[in-house]
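Peer 1: My file is start-v3.txt. It has compact mmCIF, C-alpha atoms:
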```
# COMPACT_ATOMS: atom_id res chain seq x y z
CA MET A 29 -22.50 -87.48 29.98
CA GLU A 30 -19.86 -89.05 27.88
CA PHE A 31 -18.21 -87.73 24.80
CA SER A 32 -20.06 -90.19 22.65
CA GLU A 33 -23.36 -88.81 23.90
CA ILE A 34 -22.71 -85.26 22.57
CA ASN A 35 -24.95 -84.54 19.63
CA PRO A 36 -22.86 -83.52 16.59
CA VAL A 37 -25.58 -81.10 15.49
CA TRP A 38 -25.04 -79.03 18.65
CA VAL A 39 -21.32 -78.94 18.04
CA VAL A 40 -21.92 -77.61 14.53
CA VAL A 41 -24.45 -75.07 15.86
CA ILE A 42 -22.00 -73.85 18.52
CA PHE A 43 -19.20 -73.45 15.98
CA ALA A 44 -21.56 -71.73 13.52
CA VAL A 45 -22.76 -69.26 16.15
CA GLY A 46 -19.16 -68.62 17.20
CA GLY A 47 -18.16 -68.02 13.58
CA ILE A 48 -21.09 -65.68 13.00
CA VAL A 49 -20.24 -63.67 16.15
CA TRP A 50 -16.59 -63.47 15.07
CA LYS A 51 -17.51 -62.34 11.54
CA PHE A 52 -20.05 -59.83 12.85
CA ASN A 53 -17.42 -58.33 15.15
CA GLY A 54 -15.02 -57.87 12.20
CA TRP A 55 -17.76 -56.36 10.04
CA TYR A 56 -18.83 -54.02 12.87
CA HIS A 57 -15.30 -52.64 13.34
CA LYS A 58 -14.84 -52.21 9.58
CA VAL A 59 -18.12 -50.30 9.28
CA ASN A 60 -17.17 -48.01 12.18
CA SER A 61 -13.74 -47.27 10.70
CA ASP A 62 -15.41 -46.53 7.34
CA ARG A 63 -17.85 -44.18 9.07
CA GLU A 64 -14.98 -42.33 10.77
CA TYR A 65 -13.22 -41.99 7.42
CA PHE A 66 -16.45 -40.73 5.83
CA HIS A 67 -16.95 -38.12 8.57
CA LYS A 68 -13.37 -36.88 8.24
CA SER A 69 -13.67 -36.71 4.46
CA PHE A 70 -17.01 -34.94 4.69
CA ASP A 71 -15.58 -32.38 7.14
CA LYS A 72 -12.67 -31.69 4.77
CA LEU A 73 -15.05 -31.33 1.84
CA THR A 74 -17.27 -28.95 3.82
CA GLU A 75 -14.23 -26.86 4.74
CA LYS A 76 -13.14 -26.64 1.09
CA ILE A 77 -16.63 -25.67 -0.05
CA ASP A 78 -16.75 -22.96 2.64
CA ARG A 79 -13.41 -21.57 1.41
CA ILE A 80 -14.65 -21.55 -2.19
CA TYR A 81 -17.85 -19.82 -1.11
CA GLU A 82 -15.93 -17.16 0.85
CA ARG A 83 -13.65 -16.57 -2.13
CA LEU A 84 -16.60 -16.24 -4.51
CA LEU A 85 -18.24 -13.73 -2.18
CA THR A 86 -15.09 -11.63 -2.20
CA LEU A 87 -14.66 -11.90 -5.97
CA THR A 88 -18.26 -10.99 -6.69
CA SER A 89 -18.59 -8.24 -4.11
CA LYS A 90 -19.41 -4.89 -5.65
CA THR A 91 -18.19 -3.03 -2.56
CA ILE A 92 -14.75 -4.61 -2.22
CA GLY A 93 -11.95 -4.14 -4.71
CA THR A 94 -9.36 -6.78 -5.46
CA GLY A 95 -6.45 -4.63 -4.31
CA ILE A 96 -3.90 -5.78 -1.81
CA PRO A 97 -5.10 -5.65 0.87
CA LEU A 98 -8.79 -5.74 0.04
CA THR A 99 -10.11 -2.19 -0.21
CA LEU A 100 -13.42 -0.51 -0.75
CA THR A 101 -14.58 0.32 -4.25
CA PRO A 102 -16.15 3.74 -4.90
CA LEU A 103 -19.53 2.07 -4.35
CA GLY A 104 -18.22 0.59 -1.09
CA LYS A 105 -17.14 4.06 0.07
CA GLU A 106 -20.59 5.39 -0.78
CA VAL A 107 -22.22 2.59 1.22
CA ALA A 108 -19.83 3.20 4.13
CA GLU A 109 -20.86 6.83 4.29
CA ASP A 110 -24.54 5.99 3.88
CA ILE A 111 -24.67 3.49 6.77
CA ASN A 112 -21.93 5.15 8.85
CA ALA A 113 -19.84 1.98 8.81
CA LYS A 114 -17.10 3.49 10.97
CA GLU A 115 -19.55 4.00 13.84
CA ILE A 116 -21.15 0.59 13.34
CA SER A 117 -17.76 -1.11 13.56
CA ASN A 118 -16.93 0.43 16.96
CA PRO A 119 -19.06 -1.83 19.21
CA ILE A 120 -18.19 -4.87 17.09
CA PHE A 121 -14.51 -4.09 17.64
CA ASN A 122 -14.89 -4.66 21.38
CA ASP A 123 -16.42 -8.10 20.77
CA VAL A 124 -13.90 -9.31 18.21
CA ALA A 125 -10.51 -7.66 18.79
CA LYS A 126 -9.58 -9.30 22.07
CA GLY A 127 -9.72 -12.77 20.50
CA LEU A 128 -7.40 -11.85 17.64
CA LYS A 129 -4.24 -10.71 19.43
CA ASP A 130 -1.77 -13.16 17.92
CA TYR A 131 -3.39 -13.42 14.50
CA SER A 132 -1.74 -12.38 11.25
CA ALA A 133 -3.28 -9.54 9.25
CA TYR A 134 -4.63 -12.10 6.77
CA ASP A 135 -6.29 -14.15 9.51
CA ILE A 136 -7.71 -11.01 11.14
CA GLN A 137 -9.27 -10.06 7.82
CA ASN A 138 -10.83 -13.52 7.43
CA GLU A 139 -12.14 -13.51 10.99
CA CYS A 140 -13.70 -10.07 10.49
CA PHE A 141 -15.54 -11.19 7.36
CA ASP A 142 -16.62 -14.41 9.02
CA PHE A 143 -17.87 -12.65 12.14
CA VAL A 144 -19.78 -9.89 10.36
CA ARG A 145 -21.33 -12.23 7.80
CA LYS A 146 -22.21 -15.18 10.03
CA HIS A 147 -22.14 -14.39 13.73
CA TRP A 148 -22.89 -10.71 14.25
CA GLU A 149 -26.40 -9.93 15.41
CA SER A 150 -27.00 -6.33 14.46
CA SER A 151 -29.67 -4.19 16.01
CA SER A 152 -32.91 -3.83 14.10
CA ASP A 153 -31.97 -0.23 13.22
CA ILE A 154 -28.62 -1.27 11.70
CA ASP A 155 -30.25 -4.22 9.97
CA ARG A 156 -32.79 -1.86 8.42
CA LYS A 157 -30.03 0.54 7.32
CA THR A 158 -27.98 -2.20 5.69
CA LYS A 159 -30.99 -3.59 3.84
CA GLU A 160 -32.08 -0.13 2.66
CA SER A 161 -28.59 0.66 1.44
CA ALA A 162 -28.41 -2.66 -0.41
CA PHE A 163 -31.83 -2.12 -1.98
CA LYS A 164 -31.04 1.45 -3.08
CA ARG A 165 -27.92 0.32 -4.89
CA GLY A 166 -29.09 -3.02 -6.25
CA ILE A 167 -26.53 -5.00 -4.26
CA THR A 168 -26.79 -7.75 -1.67
CA LYS A 169 -26.81 -7.34 2.08
CA HIS A 170 -23.50 -9.28 2.07
CA ASP A 171 -21.97 -6.50 -0.02
CA VAL A 172 -22.99 -4.00 2.65
CA LEU A 173 -21.73 -6.22 5.47
CA ASP A 174 -18.39 -6.51 3.66
CA VAL A 175 -17.98 -2.74 4.06
CA ILE A 176 -18.43 -3.09 7.83
CA ALA A 177 -15.94 -5.98 7.86
CA ILE A 178 -13.32 -3.84 6.12
CA PHE A 179 -13.75 -1.06 8.70
CA LEU A 180 -13.56 -3.63 11.51
CA ARG A 181 -10.40 -5.16 10.03
CA ASP A 182 -8.74 -1.77 9.69
CA LYS A 183 -9.64 -0.81 13.26
CA ILE A 184 -8.25 -4.08 14.68
CA LEU A 185 -5.05 -3.85 12.64
CA ALA A 186 -4.55 -0.24 13.75
CA SER A 187 -5.10 -1.19 17.42
CA GLN A 188 -2.38 -3.84 17.08
CA GLY A 189 0.02 -1.51 15.31
CA LYS A 190 -0.07 -3.55 12.13
CA ASN A 191 0.17 -1.35 9.08
CA HIS A 192 -1.79 -3.04 6.32
CA ILE A 193 -1.36 -0.48 3.57
```
What do you get writing this file as structure tokens?
Peer 2:
Amino acid sequence: MEFSEINPVWVVVIFAVGGIVWKFNGWYHKVNSDREYFHKSFDKLTEKIDRIYERLLTLTSKTIGTGIPLTLTPLGKEVAEDINAKEISNPIFNDVAKGLKDYSAYDIQNECFDFVRKHWESSSDIDRKTKESAFKRGITKHDVLDVIAIFLRDKILASQGKNHI
């Protein structure tokens, strides 16, 4: 086959297919980089929303005062006595404290709230007590769990010799 026998249509088709493949490759990499950027941005946004939510919970809690450090309100002390928060915090302490050895007091406090609110699976008896206490006082279960988190925080700080008051 000689050069003069090559059909010019096939040459155009080959170049067109090559151009399409090259353009598709560029588009594919741009879309993937945009997706990575979107995921990173979404993760940052989610983190910010979580921080706002945590702050709102603390600000609106009827059992936690805004003192430094966070302390129990009179209602929080009443709830603590009602549910025996000091006893409830003892077994949780064993689960949480060992992972918080090099944490600052602030980070320990945040971890305690996070654990009690989101990760702790209380027994059905404790769950019943916390719900009853919340119902009796017209507060949320989160308000009751905040009391347990304060006791847990204080116990961990005391075990590490960190005076928080």
Peer 1: Using all atoms listed in the file, can you tell me which of A:Asn35, A:Ile154, A:Lys68, A:Leu180 comes closest to Asp123 of chain A?
Peer 2: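 The shortest atom-to-atom distance to Asp123 of chain A comes from A:Leu180.
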Peer 1: Let me make sure I understand: among A:Ala133, A:Ile34, A:Val41, A:Ala108, which one has the smallest atom-to-atom distance to Arg181 of chain A if we use all atoms listed in the file?
Peer 2: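 Answer, going by the shortest atom-to-atom distance: A:Ala133.
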Peer 1: Could you please determine the separation between atom CA of Ile184 of chain A and atom CA of Asp135 of chain A in Å, to one decimal place?
Peer 2: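 Value for the atom CA of Ile184 of chain A-atom CA of Asp135 of chain A distance: 11.5 Å.
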Peer 1: Name the residues, using the chain letters and numbers of the file, that sit within 10 Å of (-20.9, 1.7, 5.9) when counting only C-alpha atoms, and give them as a list in words.
Peer 2: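 Residues close enough to count: Gly104, Lys105, Glu106, Val107, Ala108, Glu109, Asp110, Ile111, Asn112, Ala113, Lys114, Glu115, Ile116, Ser117, Lys157, Thr158, Ser161, Val172, Leu173, Asp174, Val175, Ile176, Ala177, Ile178 and Phe179 of chain A.
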Peer 1: Quick check, in Å to one decimal: how far apart do atom CA of His170 of chain A and atom CA of Arg145 of chain A lie?
Peer 2: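 Here the two named atoms are 6.8 Å from each other.
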Peer 1: Place a sphere of radius 12 Å on (-8.6, -9.5, 20.1) in the file coordinates and name every protein, DNA or RNA residue with an atom inside or on its surface, counting all atoms listed in the file; give the answer as number ranges by chain.
Peer 2: A: 120-132, 135-136, 139-140, 180-181, 183-188
Peer 1: Include C-alpha atoms and write out the residues we just selected as an mmCIF file, in the frame of the given file.
Peer 2:
```cif
data_model
loop_
_atom_site.group_PDB
_atom_site.id
_atom_site.type_symbol
_atom_site.label_atom_id
_atom_site.label_comp_id
_atom_site.auth_asym_id
_atom_site.auth_seq_id
_atom_site.Cartn_x
_atom_site.Cartn_y
_atom_site.Cartn_z
ATOM 1 C CA ILE A 120 -18.190 -4.870 17.090
ATOM 2 C CA PHE A 121 -14.510 -4.090 17.640
ATOM 3 C CA ASN A 122 -14.890 -4.660 21.380
ATOM 4 C CA ASP A 123 -16.420 -8.100 20.770
ATOM 5 C CA VAL A 124 -13.900 -9.310 18.210
ATOM 6 C CA ALA A 125 -10.510 -7.660 18.790
ATOM 7 C CA LYS A 126 -9.580 -9.300 22.070
ATOM 8 C CA GLY A 127 -9.720 -12.770 20.500
ATOM 9 C CA LEU A 128 -7.400 -11.850 17.640
ATOM 10 C CA LYS A 129 -4.240 -10.710 19.430
ATOM 11 C CA ASP A 130 -1.770 -13.160 17.920
ATOM 12 C CA TYR A 131 -3.390 -13.420 14.500
ATOM 13 C CA SER A 132 -1.740 -12.380 11.250
ATOM 14 C CA ASP A 135 -6.290 -14.150 9.510
ATOM 15 C CA ILE A 136 -7.710 -11.010 11.140
ATOM 16 C CA GLU A 139 -12.140 -13.510 10.990
ATOM 17 C CA CYS A 140 -13.700 -10.070 10.490
ATOM 18 C CA LEU A 180 -13.560 -3.630 11.510
ATOM 19 C CA ARG A 181 -10.400 -5.160 10.030
ATOM 20 C CA LYS A 183 -9.640 -0.810 13.260
ATOM 21 C CA ILE A 184 -8.250 -4.080 14.680
ATOM 22 C CA LEU A 185 -5.050 -3.850 12.640
ATOM 23 C CA ALA A 186 -4.550 -0.240 13.750
ATOM 24 C CA SER A 187 -5.100 -1.190 17.420
ATOM 25 C CA GLN A 188 -2.380 -3.840 17.080
#
```
